[in-house]
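Asker: Next comes structure.cif, mmCIF, C-alpha atoms:
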```
data_model
#
loop_
_atom_site.label_atom_id
_atom_site.label_comp_id
_atom_site.auth_asym_id
_atom_site.auth_seq_id
_atom_site.Cartn_x
_atom_site.Cartn_y
_atom_site.Cartn_z
CA MET B 1 55.51 108.48 116.08
CA ALA B 2 58.62 106.37 116.03
CA ARG B 3 59.75 105.05 119.40
CA GLU B 4 63.16 106.38 120.43
CA LEU B 5 65.83 103.68 120.49
CA GLY B 6 67.34 102.54 123.77
CA ALA B 7 71.10 102.54 124.40
CA THR B 8 71.40 98.79 123.77
CA GLU B 9 69.46 98.96 120.53
CA LYS B 10 71.61 101.88 119.37
CA MET B 11 74.74 99.90 120.15
CA ILE B 12 73.43 96.86 118.25
CA LEU B 13 72.66 99.04 115.22
CA LYS B 14 76.11 100.63 115.45
CA VAL B 15 77.79 97.20 115.56
CA ILE B 16 75.71 96.04 112.58
CA GLY B 17 76.71 99.20 110.70
CA VAL B 18 80.40 98.74 111.47
CA LEU B 19 80.28 95.08 110.48
CA ALA B 20 78.49 95.87 107.23
CA PHE B 21 80.99 98.58 106.39
CA ALA B 22 83.98 96.42 107.32
CA GLY B 23 82.50 93.59 105.30
CA SER B 24 82.12 95.66 102.19
CA THR B 25 85.55 97.26 102.48
CA LEU B 26 87.22 93.93 103.15
CA ALA B 27 85.34 92.40 100.25
CA CYS B 28 86.91 95.10 98.12
CA ALA B 29 90.35 94.33 99.52
CA ILE B 30 90.12 90.55 99.41
CA TRP B 31 87.72 89.98 96.60
CA PRO B 32 89.61 86.96 95.18
CA ASN B 33 87.43 85.08 97.60
CA ALA B 34 84.26 86.66 96.34
CA ARG B 35 81.79 84.53 94.41
CA VAL B 36 81.76 84.70 90.64
CA SER B 37 79.01 86.96 89.41
CA GLY B 38 77.43 87.12 86.01
CA LYS B 39 78.28 90.00 83.72
CA SER B 40 75.74 92.75 84.02
CA ASP B 41 75.08 95.79 81.88
CA ASP B 42 74.56 98.04 84.86
CA THR B 43 77.91 97.18 86.41
CA PRO B 44 80.31 97.83 83.56
CA ASN B 45 83.30 98.27 85.83
CA THR B 46 83.86 94.64 86.69
CA ALA B 47 87.08 92.82 86.02
CA SER B 48 85.68 91.54 82.73
CA SER B 49 85.52 95.00 81.17
CA ILE B 50 88.91 96.27 82.29
CA THR B 51 92.06 94.67 80.98
CA LEU B 52 95.40 94.59 82.76
CA SER B 53 97.33 97.45 81.16
CA PRO B 54 100.34 96.11 79.27
CA GLY B 55 103.53 97.46 80.78
CA TYR B 56 101.92 98.48 84.09
CA ARG B 57 104.95 97.00 85.90
CA ASP B 58 107.06 99.72 84.24
CA TRP B 59 104.94 102.56 85.61
CA ARG B 60 106.38 105.03 88.06
CA LEU B 61 106.00 104.69 91.80
CA VAL B 62 103.32 106.60 93.68
CA SER B 63 103.92 105.15 97.14
CA VAL B 64 104.34 102.03 99.28
CA ALA B 65 102.35 100.59 102.19
CA HIS B 66 102.00 97.70 104.60
CA GLU B 67 98.59 96.25 105.28
CA ALA B 68 98.80 94.11 108.40
CA GLY B 69 95.90 91.99 109.68
CA LYS B 70 94.45 89.32 107.42
CA LEU B 71 95.84 90.89 104.24
CA ASN B 72 99.38 91.01 105.68
CA ASP B 73 101.00 92.33 102.55
CA LEU B 74 103.52 94.86 101.33
CA ARG B 75 102.21 96.95 98.48
CA ALA B 76 103.39 99.37 95.87
CA VAL B 77 101.13 101.78 94.08
CA LEU B 78 102.21 102.69 90.56
CA GLY B 79 100.67 105.16 88.15
CA ASN B 80 100.63 105.61 84.39
CA ASP B 81 101.92 108.93 83.05
CA LEU B 82 98.56 110.71 83.37
CA ALA B 83 98.19 109.56 86.98
CA ILE B 84 101.76 110.47 87.98
CA ASP B 85 101.47 113.90 86.33
CA ALA B 86 98.22 114.62 88.20
CA TYR B 87 99.78 113.49 91.48
CA ARG B 88 102.87 115.64 91.01
CA LYS B 89 100.89 118.69 89.98
CA GLY B 90 98.71 118.20 93.05
CA ASP B 91 95.56 118.19 90.93
CA ALA B 92 92.29 117.84 92.80
CA SER B 93 91.19 115.04 90.49
CA PHE B 94 92.60 112.66 87.91
CA PRO B 95 91.96 113.08 84.17
CA ASP B 96 90.28 110.45 82.00
CA GLY B 97 92.85 107.84 81.08
CA ALA B 98 94.67 107.96 84.40
CA ILE B 99 95.26 104.48 85.79
CA ILE B 100 96.49 103.60 89.25
CA ALA B 101 97.81 100.08 89.90
CA ARG B 102 98.16 98.55 93.34
CA LEU B 103 100.59 95.62 93.43
CA ALA B 104 100.91 93.49 96.57
CA TRP B 105 103.14 90.72 97.86
CA ALA B 106 103.06 88.57 100.99
CA TYR B 107 104.74 90.33 103.93
CA THR B 108 107.74 88.06 104.35
CA PRO B 109 110.54 88.15 106.95
CA SER B 110 114.01 88.22 105.39
CA GLU B 111 116.48 86.01 107.23
CA GLU B 112 119.30 87.26 105.04
CA ASN B 113 118.58 90.90 105.84
CA ASN B 114 118.04 90.17 109.53
CA LYS B 115 121.49 88.61 109.71
CA ALA B 116 123.02 91.72 108.12
CA PHE B 117 121.15 94.01 110.51
CA GLY B 118 121.95 91.79 113.48
CA GLN B 119 118.32 91.60 114.56
CA GLU B 120 114.82 90.56 113.44
CA GLN B 121 113.53 93.65 111.69
CA SER B 122 113.37 93.12 107.96
CA PHE B 123 110.26 92.29 105.94
CA VAL B 124 110.34 92.04 102.17
CA ALA B 125 108.04 91.33 99.25
CA GLY B 126 107.32 87.59 99.02
CA THR B 127 104.86 85.83 96.74
CA PRO B 128 102.72 88.25 94.69
CA THR B 129 99.07 88.26 95.77
CA ASN B 130 97.17 90.28 93.18
CA VAL B 131 97.07 93.53 91.22
CA GLN B 132 94.21 95.99 91.51
CA LEU B 133 93.52 98.77 89.02
CA MET B 134 91.59 102.00 89.25
CA VAL B 135 90.82 103.33 85.77
CA LYS B 136 89.52 106.87 85.39
CA ASN B 137 86.78 107.50 82.86
CA GLU B 138 84.09 109.94 83.96
CA LYS B 139 81.53 108.79 81.39
CA ARG B 140 82.14 105.05 81.37
CA PHE B 141 82.23 104.75 85.13
CA ALA B 142 79.83 107.57 85.97
CA SER B 143 77.99 105.55 88.60
CA THR B 144 81.15 104.88 90.63
CA GLY B 145 82.81 108.27 90.93
CA GLY B 146 84.32 108.10 87.45
CA TRP B 147 86.51 105.15 88.38
CA GLY B 148 86.44 101.57 87.20
CA PHE B 149 87.85 98.94 89.51
CA ALA B 150 89.40 95.61 88.59
CA GLN B 151 91.58 92.93 90.07
CA PHE B 152 93.98 90.46 88.50
CA THR B 153 95.54 87.34 89.92
CA ASP B 154 98.52 85.87 88.06
CA GLY B 155 97.78 88.39 85.32
CA LYS B 156 94.22 87.08 84.83
CA PRO B 157 91.03 89.00 85.65
CA ALA B 158 89.61 88.02 89.01
CA PRO B 159 85.82 88.07 89.27
CA VAL B 160 84.39 91.03 91.12
CA GLU B 161 81.11 90.59 92.87
CA SER B 162 80.27 94.25 93.00
CA ALA B 163 82.12 97.26 91.69
CA LYS B 164 79.78 99.31 93.86
CA GLY B 165 81.44 97.67 96.87
CA CYS B 166 84.85 98.95 95.76
CA TYR B 167 83.43 102.38 95.11
CA SER B 168 81.80 102.32 98.52
CA CYS B 169 85.19 101.45 100.12
CA HIS B 170 86.75 104.41 98.39
CA SER B 171 84.00 106.90 99.22
CA PRO B 172 85.71 108.19 102.38
CA ALA B 173 88.48 109.45 100.08
CA LYS B 174 86.03 111.44 97.94
CA GLN B 175 87.87 114.72 98.56
CA HIS B 176 90.95 113.10 96.98
CA ASP B 177 88.95 111.88 93.97
CA TYR B 178 88.31 108.53 95.71
CA VAL B 179 92.00 107.68 95.88
CA PHE B 180 93.50 106.78 99.26
CA THR B 181 97.15 106.67 98.30
CA ARG B 182 99.12 109.93 98.50
CA TYR B 183 102.24 110.56 96.48
CA ALA B 184 105.44 109.76 98.40
CA PRO B 185 108.16 112.26 97.46
CA MET V 186 150.94 77.46 123.22
CA ALA V 187 147.87 79.65 123.44
CA ARG V 188 145.70 79.10 126.48
CA GLU V 189 142.25 77.79 125.59
CA LEU V 190 139.49 80.29 126.28
CA GLY V 191 136.97 79.68 129.04
CA ALA V 192 133.23 79.72 128.40
CA THR V 193 132.82 83.25 129.82
CA GLU V 194 135.68 84.63 127.73
CA LYS V 195 134.21 82.98 124.60
CA MET V 196 130.84 84.55 125.35
CA ILE V 197 132.40 88.00 125.86
CA LEU V 198 134.23 87.68 122.53
CA LYS V 199 131.02 86.57 120.83
CA VAL V 200 129.11 89.53 122.24
CA ILE V 201 131.89 91.91 121.11
CA GLY V 202 131.78 90.33 117.65
CA VAL V 203 128.01 90.66 117.37
CA LEU V 204 128.11 94.27 118.59
CA ALA V 205 130.88 95.16 116.14
CA PHE V 206 128.98 93.57 113.24
CA ALA V 207 125.68 95.13 114.25
CA GLY V 208 127.45 98.48 114.67
CA SER V 209 128.96 98.43 111.22
CA THR V 210 125.78 97.28 109.50
CA LEU V 211 123.66 99.81 111.35
CA ALA V 212 126.21 102.52 110.56
CA CYS V 213 125.65 101.64 106.92
CA ALA V 214 121.91 101.80 107.34
CA ILE V 215 121.75 104.91 109.48
CA TRP V 216 124.87 106.74 108.45
CA PRO V 217 123.28 110.23 108.56
CA ASN V 218 124.37 110.13 112.17
CA ALA V 219 127.94 109.24 111.30
CA ARG V 220 130.61 111.87 111.80
CA VAL V 221 131.82 113.89 108.83
CA SER V 222 135.08 112.53 107.51
CA GLY V 223 137.63 114.31 105.35
CA LYS V 224 137.75 113.47 101.66
CA SER V 225 140.36 110.81 101.02
CA ASP V 226 141.88 109.51 97.82
CA ASP V 227 141.71 105.90 98.90
CA THR V 228 137.98 106.00 99.57
CA PRO V 229 136.58 107.35 96.31
CA ASN V 230 133.12 105.95 96.90
CA THR V 231 131.97 108.41 99.51
CA ALA V 232 128.94 110.62 99.07
CA SER V 233 131.17 113.40 97.77
CA SER V 234 132.09 111.50 94.62
CA ILE V 235 128.63 110.18 93.71
CA THR V 236 125.90 112.56 92.74
CA LEU V 237 122.18 111.93 93.11
CA SER V 238 121.11 110.75 89.68
CA PRO V 239 118.69 113.25 88.12
CA GLY V 240 115.35 111.60 87.53
CA TYR V 241 115.99 108.68 89.91
CA ARG V 242 112.41 109.11 91.21
CA ASP V 243 111.17 108.11 87.73
CA TRP V 244 113.05 104.81 87.74
CA ARG V 245 111.19 101.53 87.72
CA LEU V 246 110.39 99.57 90.84
CA VAL V 247 112.56 96.66 91.96
CA SER V 248 110.79 95.88 95.23
CA VAL V 249 109.48 97.19 98.54
CA ALA V 250 110.33 96.43 102.17
CA HIS V 251 109.63 97.32 105.77
CA GLU V 252 112.53 97.74 108.16
CA ALA V 253 111.19 97.67 111.70
CA GLY V 254 113.35 98.33 114.77
CA LYS V 255 115.12 101.66 115.06
CA LEU V 256 114.91 102.39 111.34
CA ASN V 257 111.14 101.82 111.28
CA ASP V 258 110.66 102.74 107.67
CA LEU V 259 108.88 101.66 104.52
CA ARG V 260 111.20 101.52 101.54
CA ALA V 261 111.11 101.22 97.80
CA VAL V 262 114.05 100.09 95.73
CA LEU V 263 114.17 101.54 92.22
CA GLY V 264 116.62 100.80 89.43
CA ASN V 265 117.82 102.64 86.34
CA ASP V 266 117.33 100.88 83.00
CA LEU V 267 120.60 98.92 83.21
CA ALA V 268 119.76 97.69 86.71
CA ILE V 269 116.17 96.72 85.86
CA ASP V 270 117.29 94.91 82.70
CA ALA V 271 119.87 92.91 84.66
CA TYR V 272 117.29 92.07 87.32
CA ARG V 273 114.71 90.92 84.78
CA LYS V 274 117.21 88.85 82.83
CA GLY V 275 118.31 87.24 86.08
CA ASP V 276 121.92 88.18 85.44
CA ALA V 277 124.43 87.03 88.04
CA SER V 278 125.88 90.53 88.26
CA PHE V 279 125.07 94.08 87.27
CA PRO V 280 126.85 95.89 84.41
CA ASP V 281 128.84 99.09 84.81
CA GLY V 282 126.43 101.99 84.88
CA ALA V 283 123.71 100.13 86.76
CA ILE V 284 122.37 102.18 89.67
CA ILE V 285 120.07 100.99 92.42
CA ALA V 286 118.27 103.58 94.57
CA ARG V 287 116.78 102.85 97.96
CA LEU V 288 114.14 105.39 99.01
CA ALA V 289 112.67 105.30 102.52
CA TRP V 290 109.89 106.99 104.43
CA ALA V 291 108.79 106.90 108.07
CA TYR V 292 106.51 103.92 108.77
CA THR V 293 103.30 105.80 109.49
CA PRO V 294 99.88 104.50 110.55
CA SER V 295 97.05 105.70 108.31
CA GLU V 296 93.95 106.66 110.24
CA GLU V 297 92.05 107.21 106.99
CA ASN V 298 92.87 103.72 105.71
CA ASN V 299 92.20 102.12 109.08
CA LYS V 300 88.71 103.62 109.07
CA ALA V 301 88.05 102.17 105.62
CA PHE V 302 89.35 98.74 106.63
CA GLY V 303 87.48 98.89 109.93
CA GLN V 304 90.56 98.04 111.96
CA GLU V 305 94.10 99.19 112.77
CA GLN V 306 96.17 97.58 110.04
CA SER V 307 97.39 100.18 107.58
CA PHE V 308 100.86 101.72 107.47
CA VAL V 309 101.89 104.13 104.75
CA ALA V 310 104.89 106.17 103.66
CA GLY V 311 105.26 109.24 105.88
CA THR V 312 108.11 111.75 105.92
CA PRO V 313 110.99 110.79 103.62
CA THR V 314 114.13 109.78 105.52
CA ASN V 315 116.92 109.49 102.96
CA VAL V 316 117.92 108.01 99.62
CA GLN V 317 120.80 105.56 99.24
CA LEU V 318 122.49 104.71 95.96
CA MET V 319 124.59 101.78 94.84
CA VAL V 320 126.48 102.67 91.65
CA LYS V 321 128.19 99.91 89.69
CA ASN V 322 131.62 100.61 88.23
CA GLU V 323 134.09 97.73 88.45
CA LYS V 324 137.16 99.91 87.96
CA ARG V 325 136.22 102.98 89.95
CA PHE V 326 134.97 101.01 92.93
CA ALA V 327 137.28 98.01 92.62
CA SER V 328 138.03 97.94 96.35
CA THR V 329 134.35 97.60 97.32
CA GLY V 330 133.05 94.86 95.07
CA GLY V 331 132.62 97.19 92.10
CA TRP V 332 129.97 99.25 93.87
CA GLY V 333 130.04 102.81 95.07
CA PHE V 334 127.74 103.71 97.94
CA ALA V 335 126.22 107.09 98.72
CA GLN V 336 123.44 108.60 100.74
CA PHE V 337 121.38 111.75 100.29
CA THR V 338 119.16 113.57 102.72
CA ASP V 339 116.76 116.17 101.29
CA GLY V 340 118.54 115.66 97.97
CA LYS V 341 121.92 116.62 99.43
CA PRO V 342 124.89 114.27 99.89
CA ALA V 343 125.14 112.96 103.43
CA PRO V 344 128.67 112.41 104.72
CA VAL V 345 129.78 108.81 104.79
CA GLU V 346 132.35 107.83 107.36
CA SER V 347 133.43 104.70 105.56
CA ALA V 348 132.37 103.22 102.26
CA LYS V 349 134.17 100.07 103.42
CA GLY V 350 131.53 99.81 106.15
CA CYS V 351 128.74 99.76 103.54
CA TYR V 352 130.62 97.23 101.48
CA SER V 353 131.13 95.11 104.58
CA CYS V 354 127.35 95.20 105.27
CA HIS V 355 126.67 94.01 101.77
CA SER V 356 129.27 91.23 101.76
CA PRO V 357 126.83 88.51 102.88
CA ALA V 358 125.00 89.14 99.56
CA LYS V 359 128.19 88.54 97.53
CA GLN V 360 126.56 85.74 95.52
CA HIS V 361 123.96 88.26 94.35
CA ASP V 362 126.65 90.81 93.41
CA TYR V 363 126.40 92.42 96.89
CA VAL V 364 122.75 93.37 96.39
CA PHE V 365 120.23 92.26 99.01
CA THR V 366 117.04 93.29 97.24
CA ARG V 367 115.45 90.75 94.90
CA TYR V 368 113.13 91.73 92.06
CA ALA V 369 109.43 91.58 93.03
CA PRO V 370 107.38 90.38 90.04
#
```
In structure tokens, write the structure found in this file.
Answerer:
Amino acid sequence: MARELGATEKMILKVIGVLAFAGSTLACAIWPNARVSGKSDDTPNTASSITLSPGYRDWRLVSVAHEAGKLNDLRAVLGNDLAIDAYRKGDASFPDGAIIARLAWAYTPSEENNKAFGQEQSFVAGTPTNVQLMVKNEKRFASTGGWGFAQFTDGKPAPVESAKGCYSCHSPAKQHDYVFTRYAP
Amino acid sequence: MARELGATEKMILKVIGVLAFAGSTLACAIWPNARVSGKSDDTPNTASSITLSPGYRDWRLVSVAHEAGKLNDLRAVLGNDLAIDAYRKGDASFPDGAIIARLAWAYTPSEENNKAFGQEQSFVAGTPTNVQLMVKNEKRFASTGGWGFAQFTDGKPAPVESAKGCYSCHSPAKQHDYVFTRYAP
């Protein structure tokens, strides 16, 4: 019979669990720093198999966000027509072909704006960091909730160590078809 | 001959100046709270003469920002085709017909995102606050740098006490045709 764990052991396991989860989610968010992995047939949704959609910068706005902490960026989430239509209709899931793009820029104080406002309060989009895509294709990306994940830096694919890591990050949003961002009216 | 001002008097004048400037710029930024003014022929660029462009929510993204302080919002700046084209070409000024829309939402912590990131760092677009427009028409808005200013709350025009106040706010950006927001690539 398994010995019951003591309070300290439980706490250690909890800390390990939190660290592992944080590690995987942060890896997803900051994967430019991830090691280059070889292409693998069982992980089709790596950066190498998803191209940066031409014209993504012209897509319509889903919402905006600020990630503080180590990321410290301002971000905009854009969607292609299929994604925007699904958002606006309030669909429970996105159709094949829907693509969601997350753009991000360094969170940068604006001296010019602060002067106009008369106080330090204004933060604007500075240097671009990277672009992340979620591409919906139920069959192609069946092992990761129907979504392929990819990241691009300066318009070039950035190596992804594990698409499963991205999928794992997004799992808490399963009831919203693995998408965290809500549509901002 | 005018008496020279003492240090205290200079400081009082400086404080008055700063308060007046801050007041006018904040009035521009938070004018929903401004009193309703009567329509006047010499101030054509009030909310009453500019309508909320149909389809503005479909316009392309110029950039994003976070205004902290009392405003405490996340904002997206969108532009109609003429505005986006001028931005992308790096034109020194915007052509007649260009319209720039500033959307804003309450700066709202996201518990769901924070859980995924494993720390408190995520702020997303909450309740919409208002939409502000800058409409370029050199002739119609000749007295305010060629721009008309308007604000809309829940899609309805919000009374503007003084378009001159908005213009005054934007004057420090004269070298960028009175537009603060730069295009985020």
Asker: Go through chain B residue by residue and, counting all atoms listed in the file, keep those with an atom at most 6 Å from chain V; for each kept residue give the shortest atom pair and its distance in Å to one decimal, ordered by chain and increasing number, as a Markdown table.
Answerer:
```
| residue | atom | partner | partner_atom | distance |
| --- | --- | --- | --- | --- |
| B:Ala22 | CA | V:Gly303 | CA | 5.0 |
| B:Thr25 | CA | V:Phe302 | CA | 5.8 |
| B:Asp58 | CA | V:Arg245 | CA | 5.7 |
| B:Arg60 | CA | V:Asp243 | CA | 5.7 |
| B:Ala65 | CA | V:Val309 | CA | 4.4 |
| B:His66 | CA | V:Phe308 | CA | 5.1 |
| B:Glu67 | CA | V:Ser307 | CA | 4.7 |
| B:Ala68 | CA | V:Gln306 | CA | 4.7 |
| B:Gly69 | CA | V:Gln306 | CA | 5.6 |
| B:Phe117 | CA | V:Thr210 | CA | 5.8 |
| B:Gly118 | CA | V:Ala207 | CA | 5.1 |
| B:Gln121 | CA | V:Ala253 | CA | 4.7 |
| B:Ser122 | CA | V:Glu252 | CA | 4.7 |
| B:Phe123 | CA | V:His251 | CA | 5.1 |
| B:Val124 | CA | V:Ala250 | CA | 4.4 |
```
Asker: Name the residues, using the chain letters and numbers of the file, that sit within 6 Å of (100.5, 101.4, 83.8) when counting only C-alpha atoms, and give them as a list in words.
Answerer: Ser53, Gly55, Tyr56, Trp59, Gly79 and Asn80 of chain B
Asker: Just the number, please: distance in Å from CA of Leu82 (chain B) to CA of Ile100 (chain B), one decimal.
Answerer: 9.5 Å
Asker: So how many Å separate CA of Asp91 (chain B) and CA of Trp147 (chain B), to one decimal?
Answerer: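 About the pair CA of Asp91 (chain B) and CA of Trp147 (chain B): they are 16.1 Å apart.
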Asker: I would like the residues chosen by the PyMOL selection byres ((chain V and resi 280) around 10) on the shown file; could you give them as a PDB file with C-alpha atoms, in the coordinates of the input?
Answerer:
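Final output, saved to part.pdb:
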```
ATOM      1  CA  LEU V 267     120.600  98.920  83.210  1.00  0.00           C
ATOM      2  CA  ALA V 268     119.760  97.690  86.710  1.00  0.00           C
ATOM      3  CA  ASP V 270     117.290  94.910  82.700  1.00  0.00           C
ATOM      4  CA  ALA V 271     119.870  92.910  84.660  1.00  0.00           C
ATOM      5  CA  ASP V 276     121.920  88.180  85.440  1.00  0.00           C
ATOM      6  CA  ALA V 277     124.430  87.030  88.040  1.00  0.00           C
ATOM      7  CA  SER V 278     125.880  90.530  88.260  1.00  0.00           C
ATOM      8  CA  PHE V 279     125.070  94.080  87.270  1.00  0.00           C
ATOM      9  CA  ASP V 281     128.840  99.090  84.810  1.00  0.00           C
ATOM     10  CA  GLY V 282     126.430 101.990  84.880  1.00  0.00           C
ATOM     11  CA  ALA V 283     123.710 100.130  86.760  1.00  0.00           C
ATOM     12  CA  ILE V 284     122.370 102.180  89.670  1.00  0.00           C
ATOM     13  CA  VAL V 320     126.480 102.670  91.650  1.00  0.00           C
ATOM     14  CA  LYS V 321     128.190  99.910  89.690  1.00  0.00           C
ATOM     15  CA  ASN V 322     131.620 100.610  88.230  1.00  0.00           C
ATOM     16  CA  GLU V 323     134.090  97.730  88.450  1.00  0.00           C
ATOM     17  CA  GLY V 331     132.620  97.190  92.100  1.00  0.00           C
TER      18      GLY V 331
END
```
Asker: What are the centre and edge lengths in Å, to one decimal, of the axis-aligned box around all listed atoms of region 328-336 of chain V with 6 Å added on each side, as AutoDock Vina command-line options?
Answerer:
```
--center_x 130.7 --center_y 101.7 --center_z 96.4 --size_x 26.6 --size_y 25.7 --size_z 20.6
```
Asker: Any idea what the distance is between CA of Val316 (chain V) and CA of Gln132 (chain B)?
Answerer: 27.8 Å
Asker: Find, counting all atoms listed in the file, the residue in B:Ala106, B:Val77, B:Val179, B:Ile50 that gets nearest to Gly145 (chain B).
Answerer: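 Closest to Gly145 (chain B), using all atoms listed in the file: B:Val179.
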Asker: Which residues, written as a list in words, have at least one atom at most 7 Å from Phe152 (chain B), with only C-alpha atoms counted and residues fewer than 2 positions away on the same chain left out?
Answerer: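 Once the nearby chain positions are removed, what remains is Asn130, Val131, Gln132, Ala150, Asp154, Gly155, Lys156, Pro157 and Ala158 of chain B.
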Asker: Would you pull region 336-356 of chain V out of the block just shown and save N, CA and C atoms as a CSV table (one decimal), in the first residue's frame?
Answerer:
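selection.csv written:
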```csv
chain,number,residue,atom,x,y,z
V,336,GLN,N,-15.9,62.2,-30.3
V,336,GLN,CA,-15.9,61.1,-29.4
V,336,GLN,C,-17.3,60.4,-29.4
V,337,PHE,N,-17.3,59.1,-29.2
V,337,PHE,CA,-18.5,58.3,-29.2
V,337,PHE,C,-18.5,57.4,-28.0
V,338,THR,N,-19.6,57.4,-27.3
V,338,THR,CA,-19.7,56.4,-26.2
V,338,THR,C,-20.9,55.5,-26.5
V,339,ASP,N,-20.7,54.2,-26.4
V,339,ASP,CA,-21.8,53.2,-26.9
V,339,ASP,C,-22.3,53.6,-28.3
V,340,GLY,N,-21.4,54.0,-29.1
V,340,GLY,CA,-21.8,54.3,-30.5
V,340,GLY,C,-22.5,55.6,-30.7
V,341,LYS,N,-22.7,56.3,-29.6
V,341,LYS,CA,-23.4,57.6,-29.7
V,341,LYS,C,-22.5,58.8,-29.5
V,342,PRO,N,-22.7,59.9,-30.2
V,342,PRO,CA,-21.8,61.1,-30.1
V,342,PRO,C,-21.8,61.5,-28.7
V,343,ALA,N,-20.6,61.8,-28.2
V,343,ALA,CA,-20.4,62.4,-26.8
V,343,ALA,C,-20.2,63.9,-27.0
V,344,PRO,N,-20.8,64.7,-26.2
V,344,PRO,CA,-20.7,66.1,-26.4
V,344,PRO,C,-19.2,66.6,-26.1
V,345,VAL,N,-18.8,67.5,-27.0
V,345,VAL,CA,-17.4,68.0,-26.8
V,345,VAL,C,-17.5,69.4,-26.4
V,346,GLU,N,-16.9,69.8,-25.4
V,346,GLU,CA,-16.9,71.2,-24.9
V,346,GLU,C,-16.2,72.1,-25.9
V,347,SER,N,-15.0,71.6,-26.3
V,347,SER,CA,-14.2,72.5,-27.2
V,347,SER,C,-13.3,71.7,-28.1
V,348,ALA,N,-13.5,71.7,-29.4
V,348,ALA,CA,-12.6,71.1,-30.3
V,348,ALA,C,-11.2,71.7,-30.2
V,349,LYS,N,-11.2,73.0,-29.9
V,349,LYS,CA,-9.9,73.7,-29.8
V,349,LYS,C,-9.1,73.0,-28.7
V,350,GLY,N,-9.7,72.5,-27.7
V,350,GLY,CA,-9.0,71.9,-26.6
V,350,GLY,C,-8.3,70.6,-27.1
V,351,CYS,N,-9.0,69.9,-28.0
V,351,CYS,CA,-8.4,68.6,-28.5
V,351,CYS,C,-7.2,69.0,-29.4
V,352,TYR,N,-7.5,70.0,-30.2
V,352,TYR,CA,-6.4,70.5,-31.2
V,352,TYR,C,-5.2,70.9,-30.4
V,353,SER,N,-5.5,71.6,-29.3
V,353,SER,CA,-4.4,72.1,-28.4
V,353,SER,C,-3.6,71.0,-27.9
V,354,CYS,N,-4.3,69.9,-27.4
V,354,CYS,CA,-3.6,68.7,-26.9
V,354,CYS,C,-2.6,68.1,-28.0
V,355,HIS,N,-3.1,68.1,-29.2
V,355,HIS,CA,-2.4,67.5,-30.3
V,355,HIS,C,-1.3,68.4,-30.9
V,356,SER,N,-1.2,69.6,-30.5
V,356,SER,CA,-0.3,70.5,-31.1
V,356,SER,C,1.2,70.1,-30.9
```
